[in-house]
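Reading through the structure tokens given below for one structure.
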Amino acid sequence: MVETMILIPGRSNKQGTSLNAGKLKHEYREVTSTVEMNQDDMARLCLKDGDAVRLSNTVGEAVVRCKGKKPSDLPSGMLFIAYGPPSSQLMGGDTAGSGMPISKNFEVQVERVDVP
């Protein structure tokens, strides 16, 4: 099943502290390749914590792991991911004249994938 949701990339505390250790270290890669999703959305899509999902849009795609959040912490239809290589693969080059790529609040298709 494929569903369209809104992705909000942003900074997180864990991303900041793991960045100090280095972008090539396991902790940073794990933080930046985990998408947070409303638990009710996960149940509807038959997902559980740690499952792989493909996020895709007209710009690109990224395969990341999902992690459930309580509905009171993350509304249905919204996703959060810490800035990093996976989120960058989904951001276009259009800056709308600001000089900064549009990096928040864009639609992505979400689907479960099997990875070895």
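Residues in the structure tokens are numbered from 1 in each chain, the chains being A, B, ... in the order shown, and ligands are numbered from 1 in the order shown.
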
Can you pull out the residues contacting Gly60 of chain A? Cut-off 10 Å, using only C-alpha atoms, and skip same-chain residues under 3 positions away; I want them as a compact mmCIF listing (two decimals) with N, CA and C atoms, in the first residue's frame.
# COMPACT_ATOMS: atom_id res chain seq x y z
N LEU A 55 10.47 6.42 1.01
CA LEU A 55 9.88 7.75 0.87
C LEU A 55 10.26 8.22 -0.52
N SER A 56 9.28 8.65 -1.30
CA SER A 56 9.60 9.09 -2.67
C SER A 56 8.74 10.29 -3.05
N ASN A 57 9.29 11.06 -3.96
CA ASN A 57 8.56 12.19 -4.56
C ASN A 57 9.14 12.42 -5.95
N PRO A 86 19.48 10.98 3.67
CA PRO A 86 18.18 10.54 3.15
C PRO A 86 17.20 11.70 2.90
N SER A 87 17.11 12.63 3.83
CA SER A 87 16.17 13.75 3.61
C SER A 87 16.63 14.63 2.46
N SER A 88 17.93 14.76 2.28
CA SER A 88 18.45 15.58 1.18
C SER A 88 18.11 14.99 -0.18
N GLN A 89 17.96 13.68 -0.26
CA GLN A 89 17.61 13.03 -1.52
C GLN A 89 16.20 13.37 -1.97
N LEU A 90 15.40 13.95 -1.08
CA LEU A 90 14.01 14.27 -1.39
C LEU A 90 13.78 15.77 -1.61
N MET A 91 14.83 16.57 -1.43
CA MET A 91 14.70 18.03 -1.55
C MET A 91 15.15 18.48 -2.92
N GLY A 92 14.34 19.30 -3.54
CA GLY A 92 14.68 19.83 -4.85
C GLY A 92 15.63 21.01 -4.76
N VAL A 108 5.38 13.29 0.26
CA VAL A 108 6.13 12.10 -0.13
C VAL A 108 5.17 10.92 -0.15

Taking the backbone alone, and naming residues the way the document does, which bits of chain A are strand (DSSP E or B) by DSSP, as a PDB file with C-alpha atoms, in the first residue's frame?
ATOM      1  CA  VAL A   2       1.303   3.467  -0.910  1.00  0.00           C
ATOM      2  CA  GLU A   3       0.107   6.530   0.959  1.00  0.00           C
ATOM      3  CA  THR A   4       0.876  10.231   0.542  1.00  0.00           C
ATOM      4  CA  MET A   5       2.027  12.053   3.675  1.00  0.00           C
ATOM      5  CA  ILE A   6       3.735  15.327   4.582  1.00  0.00           C
ATOM      6  CA  LEU A   7       7.440  15.115   5.467  1.00  0.00           C
ATOM      7  CA  ILE A   8       8.988  17.617   7.855  1.00  0.00           C
ATOM      8  CA  PRO A   9      12.796  17.329   7.912  1.00  0.00           C
ATOM      9  CA  GLY A  10      14.460  19.238  10.712  1.00  0.00           C
ATOM     10  CA  THR A  34      14.874   6.946  10.821  1.00  0.00           C
ATOM     11  CA  VAL A  35      11.525   8.528   9.991  1.00  0.00           C
ATOM     12  CA  GLU A  36       9.092   9.144  12.827  1.00  0.00           C
ATOM     13  CA  MET A  37       5.472   8.341  12.061  1.00  0.00           C
ATOM     14  CA  ASN A  38       2.151   8.460  13.891  1.00  0.00           C
ATOM     15  CA  ALA A  52      11.924  -0.232   6.154  1.00  0.00           C
ATOM     16  CA  VAL A  53       9.879   2.268   4.164  1.00  0.00           C
ATOM     17  CA  ARG A  54      10.537   4.017   0.879  1.00  0.00           C
ATOM     18  CA  LEU A  55       9.885   7.745   0.874  1.00  0.00           C
ATOM     19  CA  SER A  56       9.599   9.090  -2.665  1.00  0.00           C
ATOM     20  CA  GLU A  61      13.638   8.570  -3.007  1.00  0.00           C
ATOM     21  CA  ALA A  62      15.170   7.238   0.176  1.00  0.00           C
ATOM     22  CA  VAL A  63      14.748   3.989   2.079  1.00  0.00           C
ATOM     23  CA  VAL A  64      14.710   4.531   5.838  1.00  0.00           C
ATOM     24  CA  ARG A  65      13.513   2.779   9.001  1.00  0.00           C
ATOM     25  CA  CYS A  66      10.313   3.892  10.713  1.00  0.00           C
ATOM     26  CA  LYS A  67       9.659   4.583  14.366  1.00  0.00           C
ATOM     27  CA  GLY A  68       6.235   5.106  15.905  1.00  0.00           C
ATOM     28  CA  LYS A  69       5.230   8.219  17.806  1.00  0.00           C
ATOM     29  CA  MET A  78       2.825  13.826   9.166  1.00  0.00           C
ATOM     30  CA  LEU A  79       6.350  12.426   9.181  1.00  0.00           C
ATOM     31  CA  PHE A  80       9.511  13.765  10.801  1.00  0.00           C
ATOM     32  CA  ILE A  81      13.100  12.940   9.861  1.00  0.00           C
ATOM     33  CA  ALA A  82      16.325  14.545  11.060  1.00  0.00           C
ATOM     34  CA  PHE A 106       6.532  18.520   1.230  1.00  0.00           C
ATOM     35  CA  GLU A 107       4.550  15.529   0.072  1.00  0.00           C
ATOM     36  CA  VAL A 108       6.129  12.099  -0.135  1.00  0.00           C
ATOM     37  CA  GLN A 109       4.759   8.703  -0.971  1.00  0.00           C
ATOM     38  CA  VAL A 110       5.311   6.149   1.787  1.00  0.00           C
ATOM     39  CA  GLU A 111       5.430   2.418   1.182  1.00  0.00           C
ATOM     40  CA  ARG A 112       6.782  -0.584   3.061  1.00  0.00           C
ATOM     41  CA  VAL A 113       9.766  -2.305   1.457  1.00  0.00           C
TER      42      VAL A 113
END

I need the residues of chain A that end up classed as helix (DSSP H, G or I) by DSSP on the backbone, written out as an mmCIF file with C-alpha atoms, in the first residue's frame.
data_model
loop_
_atom_site.group_PDB
_atom_site.id
_atom_site.type_symbol
_atom_site.label_atom_id
_atom_site.label_comp_id
_atom_site.auth_asym_id
_atom_site.auth_seq_id
_atom_site.Cartn_x
_atom_site.Cartn_y
_atom_site.Cartn_z
ATOM 1 C CA ASN A 13 18.883 16.824 19.672
ATOM 2 C CA LYS A 14 20.138 13.332 18.856
ATOM 3 C CA GLN A 15 21.260 14.478 15.429
ATOM 4 C CA GLY A 16 23.225 17.342 16.959
ATOM 5 C CA THR A 17 24.994 15.224 19.558
ATOM 6 C CA SER A 18 25.748 12.402 17.115
ATOM 7 C CA LEU A 19 27.111 14.928 14.620
ATOM 8 C CA ASN A 20 29.871 15.720 17.109
ATOM 9 C CA ALA A 21 31.028 12.097 16.865
ATOM 10 C CA HIS A 26 26.667 4.586 13.301
ATOM 11 C CA GLU A 27 24.695 6.861 15.652
ATOM 12 C CA TYR A 28 24.494 9.748 13.155
ATOM 13 C CA ARG A 29 23.548 7.452 10.275
ATOM 14 C CA GLU A 30 20.860 5.799 12.406
ATOM 15 C CA VAL A 31 19.345 9.104 13.557
ATOM 16 C CA THR A 32 19.253 10.584 10.055
ATOM 17 C CA GLN A 39 1.483 5.020 15.438
ATOM 18 C CA ASP A 40 -2.045 4.938 13.998
ATOM 19 C CA ASP A 41 -0.662 5.541 10.493
ATOM 20 C CA MET A 42 1.870 2.765 11.062
ATOM 21 C CA ALA A 43 -0.886 0.346 12.118
ATOM 22 C CA ARG A 44 -2.964 1.222 9.041
ATOM 23 C CA PRO A 85 21.585 12.304 3.414
ATOM 24 C CA PRO A 86 18.178 10.541 3.146
ATOM 25 C CA SER A 87 16.174 13.745 3.612
ATOM 26 C CA SER A 88 18.452 15.583 1.180
#

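Restricting the calculation to only C-alpha atoms, the smallest distance between Gly93 of chain A and any of A:Ser12, A:Thr58, A:Ser33, A:Ser72 is found for A:Thr58.
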